[in-house]
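Trainee: Following this message is one structure expressed as structure tokens.
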Amino acid sequence: MRLSLRAQAIQESAIRKLDGFVAAAPDVHFHKLNIGQPDVPTPAPMMAALAHADSQVLAYGPASGLPACRQAAAAFHSRTSPGLGAEHCVVTQGGSEALLFAFCALCDPGDEILVPEPYYTNYNGFATVAAATVVPIRTSLDDGFRIPPNDVLDRHVTPRTRLFLFANPGNPTGAVYGESELRRVAAWAKSRGLWLVADEVYRHIWFSGPPMSALELEGHEDHVVVVDSTSKTFSACGLRIGFLLSRNLAFMDRIERLGQARLGPQPRAQNAAIAALTLPDVFYDELRSTYRARVEAMMDALAQIPDVQFHRPEGAFYTMARLPVKDTEDFARFLVTEFRDHSTGRPESLVVAPGPGFYADPARGRNEIRLAAVKEPAVVRRGVEVLGAALAAYRR
Ligand SMILES: Cc1ncc(COP(=O)(O)O)c(C=O)c1O
């Protein structure tokens with residue numbers, strides 16, 4: 001039986017590709033620096049809200065989310081972007097659904113989405129579902145993944161271009177766009193009649209200064225859309241609660257319709273999100289010091305490995321590292337299938353995310369990998385030490 005072209009085109013998750021090899025070697029201790037799944041405990045008030053059942057039936061909730069949850073998210077964002085109300089925010093099933101809804105509401109089949117690359121690999125999947133095309137704009141580790149000047153951006157625009165998408169802080173780059181860079185890109189997008197979709201799911205994890213939210217940009221109310229999530233900030237990836245925000249009410253009205261088609265997000269999960277959104281400021285200070293220690297451990301350990309270049313993240317908890325190998329897909333397979341470090345008495349190896357998965361053209365990023373500093377500093381450090389030993393063995 002025939003499957004749709006869309007189903008045939010949908011990519012396999014670059015990050016999960018190696019899982020089968022890992023499962024086949026249960027005696028090996030793998031340091032999993034490949035996925036952004038933190039081991040930080042989810043805040044206790046969220047757990048308590050999840051456990052609290054106040055009805056006998058798990059009923060549907062409103063399509064755009066519980067009014068109290070929308071209000072809590074709007075109030076939370078209003079701290080830095082005043083004037084937001086519940087009408088400017090819908091609750092989604094993770095930031096993933098917010099992205100999918102944004103693409104569906106903004107793109108017709110064949111339309112184009114500009115995105116600085118390397119970029120979060122699942123943008124490809126959402127674009128495929130929305131029948132849109134991702135058009136990458138090259139950025140490089142050599143200059144900290146800065147967005148290129150406007151004349152370069154202009155060269156990527158066609159009559160089908162609908163939006164400029166970016167993650168700030170970035171996954172996989174860890175780059176944070178400064179205020180002037182953000183204002184410049186926003187002004188450029190506006191002048192070209194493009195929507196600006198800011199994926200801000202890592203916004204509260206920063207090390208050199210808080211990233212500005214695109215919702216703070218005055219004069220851009222009509223074309224700015226922001227994606228937020230409880231997954232990383234509150235270490236609640238399994239809660240599946242995210243938010244789509246915009247001051248453009250015509251856009252929000254269409255998002256409400258999209259939400260109606262899939263009925264509402266899980267109400268009890270939204271109660272946990274409300275508990276998260278009212279945590280005190282000290283929570284965020286602790287969040288940043290937790291990830292700062294993990295990222296520093298990763299940087300220190302990487303600096304010990306010869307011939308490896310990497311970007312010191314300004315936010316999020318990832319780094320792209322350039323390795324002295326020709327093909328990191330092959331190297332990543334070598335790690336899970338062949339390489340075993342016996343120096344501590346038990347066989348150890350490592351799982352990494354090969355670079356090509358973060359590029360539109362898989363011929364790019366072949367000497368890069370993404371590492372995630374999501375575990376305790378000592379675990380991250382040991383994982384990167386194993387990487388050093390594996391590189392030495394692979395190059396022999
Ligand atoms: C940049 C970025 N956007 C969106 C998401 C989706 O997050 P979720 O659907 O868990 O909210 C992720 C997850 O890793 C991400 O890294």
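Naming works like this for the structure tokens: A, B, ... for the chains as they're shown, residue 1 at the start of each chain, ligands 1 onward in shown order.
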Report the closest atom pair, with its distance in Å rounded to one decimal, for each residue of stretch 69-143 of chain A that has an atom no farther than 9 Å from stretch 203-220 of chain A; count only C-alpha atoms, sort by chain and then rising residue number, and write it as JSON lines.
Mentor:
{"residue": "A:His77", "atom": "CA", "partner": "A:Leu215", "partner_atom": "CA", "distance": 8.4}
{"residue": "A:Thr80", "atom": "CA", "partner": "A:Glu216", "partner_atom": "CA", "distance": 6.9}
{"residue": "A:Ser81", "atom": "CA", "partner": "A:Glu216", "partner_atom": "CA", "distance": 4.9}
{"residue": "A:Pro82", "atom": "CA", "partner": "A:Glu216", "partner_atom": "CA", "distance": 8.0}
Trainee: Restricted to N, CA and C atoms, what would the selected residues look like written as a compact mmCIF listing (two decimals), in the first residue's frame?
Mentor:
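Writing the result to out_3.txt gives the following:
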# COMPACT_ATOMS: atom_id res chain seq x y z
N HIS A 77 5.42 35.96 31.34
CA HIS A 77 6.10 36.67 30.25
C HIS A 77 5.98 38.19 30.41
N THR A 80 8.86 40.55 31.77
CA THR A 80 9.85 41.20 30.90
C THR A 80 9.19 41.86 29.68
N SER A 81 7.98 41.40 29.33
CA SER A 81 7.30 41.95 28.16
C SER A 81 5.91 42.41 28.60
N PRO A 82 5.80 43.60 29.20
CA PRO A 82 4.54 44.01 29.81
C PRO A 82 3.37 44.05 28.82
Trainee: Counting only C-alpha atoms and all ligand atoms, what are the residues, protein, DNA or RNA alike, that approach ligand 1 to within 9 Å? I want them as number ranges by chain.
Mentor: A: 35-37, 92-99, 119-123, 166-172, 199-202, 227-232, 236-243, 316
Trainee: Atom CA of A:Phe30 to atom CA of A:Glu314: how many Å, to one decimal?
Mentor: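 Atom-to-atom, atom CA of A:Phe30 and atom CA of A:Glu314 are spaced 27.1 Å apart.
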Trainee: Using only C-alpha atoms, which residue out of A:Val115, A:Pro45, A:His223, A:Gly61 lies closest to A:Pro280?
Mentor: A:Pro45
Trainee: Suppose you want the space between atom CA of A:Val225 and atom CA of A:Leu245; what is it in Å?
Mentor: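 These atoms are spaced 5.8 Å apart.
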